[in-house]
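Visitor: Pasting a structure here, questions to come.
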Amino acid sequence: MISPFTSSASVPAKKTVFITGVAGFLGSHLADALLKQGHRVLGCDNLIGGYMDNVPAGVEFFDLDCLDRSAMVVAMRGVDIVYHCACTAHEGLSVFSPHLITQNTFGITTSVLSAAIVNKVQRFVFCSSIARYGTQPVFPFTEEMTPQPQDPYGIAKYACELMIKELCGVHGMEYVIAAPHNIIGPRQKYDDPYRNVASIMINLMLQGRQPIIYGDGEQKRCFSFISDVIDPLVKMGTQSNVVGEVINVGPDEEFITVNQLAQEIATLLKFDLKPIYMPDRPREVRFASSSADKARRLLGYRTSTSLQEGLQSIIDYVKTRGTKSFDYGLKIEIVSDKTPRAWKDRLF
Ligand SMILES: NC(=O)c1ccc[n+]([C@@H]2O[C@H](COP(=O)([O-])OP(=O)(O)OC[C@H]3O[C@@H](n4cnc5c(N)ncnc54)[C@H](O)[C@@H]3O)[C@@H](O)[C@H]2O)c1
């Protein structure tokens with residue numbers, strides 16, 4: 001299996017770093033990379049997503065909901081850098097559970113920000129999303145474009161960015177905003193019916209079950225392997241040339257449709273693919289692609305893992321851990337004729 005834990009980013013001095021969502025996919029890999037560089041790493045998670053066994057040994061872990069601001073103030077004492085990764089990053093579901101997703105995106109960010117400022121944290125690195133762009137007339141998306149998010153998740157992420165800029169300006173805390181797009185790799189929750197398309201397909205096909213595809217499957221995406229994302233994120237914590245910047249993180253090569261993704265996975269698994277097609281999900285962006293030019297220029301960003309290698313490493317991970325039945329723990333607030341039947345009728 002490819003090791004996603006190595007980072008070429010060098011950090012000049014040892015810091016105390018706090019990662020929200022440290023039991024999640026991105027947060028746990030980030031923790032690994034920072035521990036490897038000798039930093040003290042603290043983190044919290046309320047386990048609404050992620051897996052407890054993702055948390056690397058060496059992390060000082062707080063079983064804490066970010067919304068609990070008073071507890072966050074205590075947990076973040078003496079911290080130099082905050083990576084705010086916690087979120088229910090469910091873009092499709094956000095149209096049907098706007099309260100839950102907004103609270104766990106925007107609500108928690110105001111709490112974490114406030115606690116960071118009180119603790120005189122030096123730098124706040126925020127994981128935004130390509131969802132900030134919505135649908136734009138030109139591709140690929142570049143950082144100076146005016147965000148036009150088109151679902152509650154994207155709107156909440158952009159609202160977080162505005163709040164971060166505002167409060168950091170007033171209180172003198174450095175910030176950097178990362179805008180990743182679809183990231184794949186081991187430790188991603190593969191039993192979540194609402195997000196992580198590649199991991200869901202792998203979990204299903206390993207159970208001998210056909211994947212469900214929304215619409216015609218010709219939606220185009222670009223996937224990054226986790227290690228290619230961790231390296232620039234680590235650098236965002238310390239490099240001086242990125243303060244106050246929004247930076248896309250992810251490749252602008254190897255575009256793939258959802259149909260092709262399913263076929264790639266089926267080929268790796270020698271699986272006889274006959275996808276089940278269901279109606280489009282409301283507000284799903286058809287073509288999402290962002291430019292990596294700024295990340296290349298400021299952070300020396302480059303991709304080193306092919307999509308095929310990345311998919312194989314998820315297959316190895318799910319095989320090692322075992323396939324799982326899907327976890328419908330997140331509540332659908334609005335059940336209507338627009339709610340995908342795959343969710344309403346729990347078809348995964
Ligand atoms: N994975 C991607 O493809 C992708 C793409 C773009 C942006 N992002 C952003 O990157 C960040 C990490 O994403 P991920 O894929 O690792 O998600 P993830 O679900 O694996 O990790 C998020 C973690 O946050 C925790 N969490 C959620 N709400 C919390 C709360 N109120 N208090 C404490 N912990 C809480 C969850 O339990 C989970 O472990 C998110 O902010 C997401 O929006 C991810």
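Within each chain, counting starts at residue 1; across the structure tokens, chains are named A, B, ... in the order shown, with ligands numbered 1 upward in that order.
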How would you report the residues lying within 7 Å of ligand 1, as JSON, numbers by chain, if you count only C-alpha atoms and all ligand atoms?
Guide: {"A": [20, 21, 22, 23, 24, 25, 26, 27, 44, 45, 46, 47, 48, 49, 50, 51, 64, 65, 66, 67, 84, 85, 86, 87, 88, 89, 104, 108, 127, 128, 129, 130, 179, 180, 181, 182, 183, 184, 188, 189]}
Visitor: Dump N, CA and C atoms for the selected residues as a compact mmCIF listing (two decimals), in the first residue's frame?
Guide:
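Below you can see part.txt, which holds the result:
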# COMPACT_ATOMS: atom_id res chain seq x y z
N THR A 20 -8.77 20.30 14.44
CA THR A 20 -10.17 19.90 14.67
C THR A 20 -10.51 18.82 13.65
N GLY A 21 -11.33 17.86 14.06
CA GLY A 21 -11.68 16.76 13.15
C GLY A 21 -10.52 15.81 12.96
N VAL A 22 -9.76 15.57 14.04
CA VAL A 22 -8.52 14.77 13.92
C VAL A 22 -8.80 13.27 13.73
N ALA A 23 -10.05 12.84 13.98
CA ALA A 23 -10.39 11.43 13.71
C ALA A 23 -10.89 11.25 12.27
N GLY A 24 -10.95 12.34 11.55
CA GLY A 24 -11.42 12.29 10.17
C GLY A 24 -10.29 11.93 9.21
N PHE A 25 -10.63 11.90 7.98
CA PHE A 25 -9.72 11.50 6.90
C PHE A 25 -8.53 12.47 6.79
N LEU A 26 -8.84 13.71 6.49
CA LEU A 26 -7.79 14.72 6.29
C LEU A 26 -7.05 15.01 7.60
N GLY A 27 -7.83 15.22 8.67
CA GLY A 27 -7.24 15.59 9.96
C GLY A 27 -6.26 14.56 10.47
N CYS A 44 -9.23 17.47 18.34
CA CYS A 44 -10.54 17.09 18.89
C CYS A 44 -11.41 16.49 17.79
N ASP A 45 -12.39 15.74 18.22
CA ASP A 45 -13.38 15.19 17.30
C ASP A 45 -14.58 14.74 18.12
N ASN A 46 -15.77 14.89 17.56
CA ASN A 46 -16.97 14.39 18.26
C ASN A 46 -17.46 13.08 17.63
N LEU A 47 -16.71 12.58 16.66
CA LEU A 47 -16.96 11.29 16.01
C LEU A 47 -18.31 11.20 15.30
N ILE A 48 -18.80 12.34 14.85
CA ILE A 48 -20.01 12.32 14.02
C ILE A 48 -19.67 11.73 12.64
N GLY A 49 -18.40 11.82 12.29
CA GLY A 49 -17.86 11.19 11.07
C GLY A 49 -16.53 10.58 11.47
N GLY A 50 -15.70 10.23 10.53
CA GLY A 50 -14.36 9.70 10.86
C GLY A 50 -14.44 8.41 11.65
N TYR A 51 -13.27 7.89 12.02
CA TYR A 51 -13.18 6.67 12.83
C TYR A 51 -12.18 6.93 13.95
N LEU A 64 -14.48 15.98 21.87
CA LEU A 64 -15.10 17.27 22.09
C LEU A 64 -15.84 17.73 20.85
N ASP A 65 -17.01 18.33 21.07
CA ASP A 65 -17.73 18.95 19.96
C ASP A 65 -17.23 20.39 19.82
N CYS A 66 -16.84 20.75 18.64
CA CYS A 66 -16.31 22.11 18.40
C CYS A 66 -17.30 23.19 18.80
N LEU A 67 -18.58 22.86 18.83
CA LEU A 67 -19.59 23.86 19.21
C LEU A 67 -19.45 24.26 20.67
N HIS A 84 -8.29 23.85 11.03
CA HIS A 84 -9.71 23.59 11.28
C HIS A 84 -10.26 22.71 10.16
N CYS A 85 -10.28 21.41 10.43
CA CYS A 85 -10.74 20.42 9.44
C CYS A 85 -12.13 19.89 9.76
N ALA A 86 -12.59 20.05 11.01
CA ALA A 86 -13.88 19.46 11.39
C ALA A 86 -15.00 20.03 10.55
N CYS A 87 -15.92 19.16 10.19
CA CYS A 87 -17.04 19.58 9.35
C CYS A 87 -17.90 18.34 9.08
N THR A 88 -19.17 18.55 8.79
CA THR A 88 -19.93 17.50 8.11
C THR A 88 -19.95 17.96 6.65
N ALA A 89 -18.97 17.46 5.90
CA ALA A 89 -18.69 17.98 4.56
C ALA A 89 -19.60 17.33 3.52
N ASN A 104 -22.65 22.44 11.55
CA ASN A 104 -21.37 21.73 11.63
C ASN A 104 -20.34 22.25 10.64
N ILE A 108 -19.67 25.76 13.94
CA ILE A 108 -18.47 25.31 14.65
C ILE A 108 -17.27 26.21 14.33
N CYS A 127 -9.90 24.64 6.24
CA CYS A 127 -10.23 23.79 5.10
C CYS A 127 -11.57 24.22 4.54
N SER A 128 -11.53 25.00 3.49
CA SER A 128 -12.76 25.35 2.78
C SER A 128 -13.01 24.25 1.75
N SER A 129 -13.53 24.58 0.61
CA SER A 129 -13.84 23.55 -0.38
C SER A 129 -14.02 24.17 -1.76
N ILE A 130 -13.83 23.36 -2.77
CA ILE A 130 -14.11 23.79 -4.14
C ILE A 130 -15.59 24.17 -4.28
N ALA A 179 -8.62 25.47 -0.38
CA ALA A 179 -9.85 25.04 -1.07
C ALA A 179 -9.57 23.74 -1.82
N PRO A 180 -9.64 22.60 -1.09
CA PRO A 180 -9.39 21.32 -1.77
C PRO A 180 -10.59 20.87 -2.60
N HIS A 181 -10.33 19.97 -3.56
CA HIS A 181 -11.48 19.29 -4.16
C HIS A 181 -11.38 17.82 -3.85
N ASN A 182 -12.12 16.99 -4.58
CA ASN A 182 -12.31 15.60 -4.14
C ASN A 182 -11.00 14.90 -3.80
N ILE A 183 -10.86 14.55 -2.55
CA ILE A 183 -9.65 13.87 -2.09
C ILE A 183 -10.00 12.41 -1.83
N ILE A 184 -9.08 11.53 -2.17
CA ILE A 184 -9.33 10.11 -1.91
C ILE A 184 -8.14 9.51 -1.17
N GLN A 188 -10.68 7.26 4.70
CA GLN A 188 -11.90 7.99 4.37
C GLN A 188 -13.08 7.10 4.77
N LYS A 189 -14.11 7.71 5.32
CA LYS A 189 -15.27 6.94 5.77
C LYS A 189 -15.94 6.29 4.56
Visitor: Hey, what does DSSP flag as helix (DSSP H, G or I) within stretch 25-116 of chain A? Can you give it to me as a ChimeraX atom specification?
Guide: /A:25-36,52-54,69-75,93-95,98-116
Visitor: Would you output that residue set with C-alpha atoms, as a PDB file, in the first residue's frame?
Guide:
ATOM      1  CA  PHE A  25      -9.719  11.502   6.898  1.00  0.00           C
ATOM      2  CA  LEU A  26      -7.786  14.718   6.290  1.00  0.00           C
ATOM      3  CA  GLY A  27      -7.244  15.594   9.956  1.00  0.00           C
ATOM      4  CA  SER A  28      -5.694  12.242  10.838  1.00  0.00           C
ATOM      5  CA  HIS A  29      -3.268  12.244   7.904  1.00  0.00           C
ATOM      6  CA  LEU A  30      -2.298  15.815   8.713  1.00  0.00           C
ATOM      7  CA  ALA A  31      -1.628  14.760  12.309  1.00  0.00           C
ATOM      8  CA  ASP A  32       0.660  11.984  11.085  1.00  0.00           C
ATOM      9  CA  ALA A  33       2.692  14.362   8.940  1.00  0.00           C
ATOM     10  CA  LEU A  34       3.017  16.974  11.695  1.00  0.00           C
ATOM     11  CA  LEU A  35       3.972  14.403  14.351  1.00  0.00           C
ATOM     12  CA  LYS A  36       6.591  13.066  11.979  1.00  0.00           C
ATOM     13  CA  MET A  52     -11.591   6.669  16.282  1.00  0.00           C
ATOM     14  CA  ASP A  53      -8.854   4.293  15.056  1.00  0.00           C
ATOM     15  CA  ASN A  54      -7.804   6.995  12.559  1.00  0.00           C
ATOM     16  CA  ARG A  69     -16.691  26.962  22.809  1.00  0.00           C
ATOM     17  CA  SER A  70     -15.794  27.048  26.502  1.00  0.00           C
ATOM     18  CA  ALA A  71     -14.241  23.584  26.305  1.00  0.00           C
ATOM     19  CA  MET A  72     -12.439  24.550  23.080  1.00  0.00           C
ATOM     20  CA  VAL A  73     -10.911  27.570  24.847  1.00  0.00           C
ATOM     21  CA  VAL A  74      -9.435  25.246  27.473  1.00  0.00           C
ATOM     22  CA  ALA A  75      -8.332  22.560  24.980  1.00  0.00           C
ATOM     23  CA  LEU A  93     -27.035  16.080   1.768  1.00  0.00           C
ATOM     24  CA  SER A  94     -26.793  19.764   2.690  1.00  0.00           C
ATOM     25  CA  VAL A  95     -29.755  20.534   0.418  1.00  0.00           C
ATOM     26  CA  PRO A  98     -29.311  22.400   5.811  1.00  0.00           C
ATOM     27  CA  HIS A  99     -29.539  23.003   9.549  1.00  0.00           C
ATOM     28  CA  LEU A 100     -27.233  20.135  10.525  1.00  0.00           C
ATOM     29  CA  ILE A 101     -24.660  20.833   7.810  1.00  0.00           C
ATOM     30  CA  THR A 102     -24.615  24.601   8.381  1.00  0.00           C
ATOM     31  CA  GLN A 103     -24.249  24.173  12.138  1.00  0.00           C
ATOM     32  CA  ASN A 104     -21.367  21.733  11.627  1.00  0.00           C
ATOM     33  CA  THR A 105     -19.699  23.989   9.090  1.00  0.00           C
ATOM     34  CA  PHE A 106     -20.384  27.621   9.947  1.00  0.00           C
ATOM     35  CA  GLY A 107     -21.516  27.282  13.588  1.00  0.00           C
ATOM     36  CA  ILE A 108     -18.467  25.312  14.646  1.00  0.00           C
ATOM     37  CA  THR A 109     -16.134  27.665  12.791  1.00  0.00           C
ATOM     38  CA  THR A 110     -17.291  30.686  14.802  1.00  0.00           C
ATOM     39  CA  SER A 111     -16.701  28.672  17.985  1.00  0.00           C
ATOM     40  CA  VAL A 112     -13.215  27.446  16.975  1.00  0.00           C
ATOM     41  CA  LEU A 113     -12.237  30.910  15.701  1.00  0.00           C
ATOM     42  CA  SER A 114     -13.342  32.594  18.907  1.00  0.00           C
ATOM     43  CA  ALA A 115     -11.430  30.065  21.042  1.00  0.00           C
ATOM     44  CA  ALA A 116      -8.325  30.468  18.850  1.00  0.00           C
TER      45      ALA A 116
END
Visitor: Counting only C-alpha atoms, which residues in stretch 112-227 of chain A sit no more than 12 Å from stretch 323-330 of chain A? For each one, give the nearest pair of atoms and the distance in Å, sorted by chain then residue number, as a tab-separated table.
Guide:
residue	atom	partner	partner_atom	distance
A:Lys189	CA	A:Asp327	CA	9.9
A:Tyr190	CA	A:Lys324	CA	7.8
A:Asp191	CA	A:Phe326	CA	4.4
A:Asp192	CA	A:Asp327	CA	5.6
A:Pro193	CA	A:Phe326	CA	6.0
A:Tyr194	CA	A:Tyr328	CA	8.5
A:Arg195	CA	A:Phe326	CA	11.2
A:Ser199	CA	A:Thr323	CA	10.5
A:Ile200	CA	A:Phe326	CA	8.9
A:Met201	CA	A:Thr323	CA	11.1
A:Ile202	CA	A:Thr323	CA	8.8
A:Asn203	CA	A:Thr323	CA	5.6
A:Leu204	CA	A:Thr323	CA	8.0
A:Met205	CA	A:Thr323	CA	9.6
A:Leu206	CA	A:Thr323	CA	6.9
A:Gln207	CA	A:Thr323	CA	6.9
A:Gly208	CA	A:Thr323	CA	10.6
A:Arg209	CA	A:Thr323	CA	11.4
Visitor: In Å, how far is it from atom CA of A:Ile212 to atom CA of A:Lys274?
Guide: 9.4 Å
Visitor: Mind running stretch 157-200 of chain A against stretch 230-247 of chain A at 6 Å and telling me each contacting residue's nearest atom pair with the distance in Å (one decimal), counting only C-alpha atoms, chain and number ascending, as a tab-separated table?
Guide:
residue	atom	partner	partner_atom	distance
A:Tyr175	CA	A:Gly244	CA	5.3
A:Val176	CA	A:Gly244	CA	5.3
A:Ile177	CA	A:Val246	CA	4.6
A:Ala178	CA	A:Ile247	CA	5.1
A:Ala179	CA	A:Ile247	CA	5.9
Visitor: Fewer than 4 positions away in the same chain doesn't count, so skip those; otherwise give me all residues within 9 Å of A:Ala288, counting only C-alpha atoms, as a ChimeraX atom specification.
Guide: /A:130-131,133-135,139-141,181,219-222
Visitor: Using only C-alpha atoms, which protein or nucleic acid residues come within 9 Å of A:Leu273? Drop anything in the same chain fewer than 5 positions from it, and give the result as a list in words.
Guide: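 Close residues of A:Leu273: Met205, Gln210, Pro211, Ala262, Gln263, Ala266 and Thr267 of chain A.
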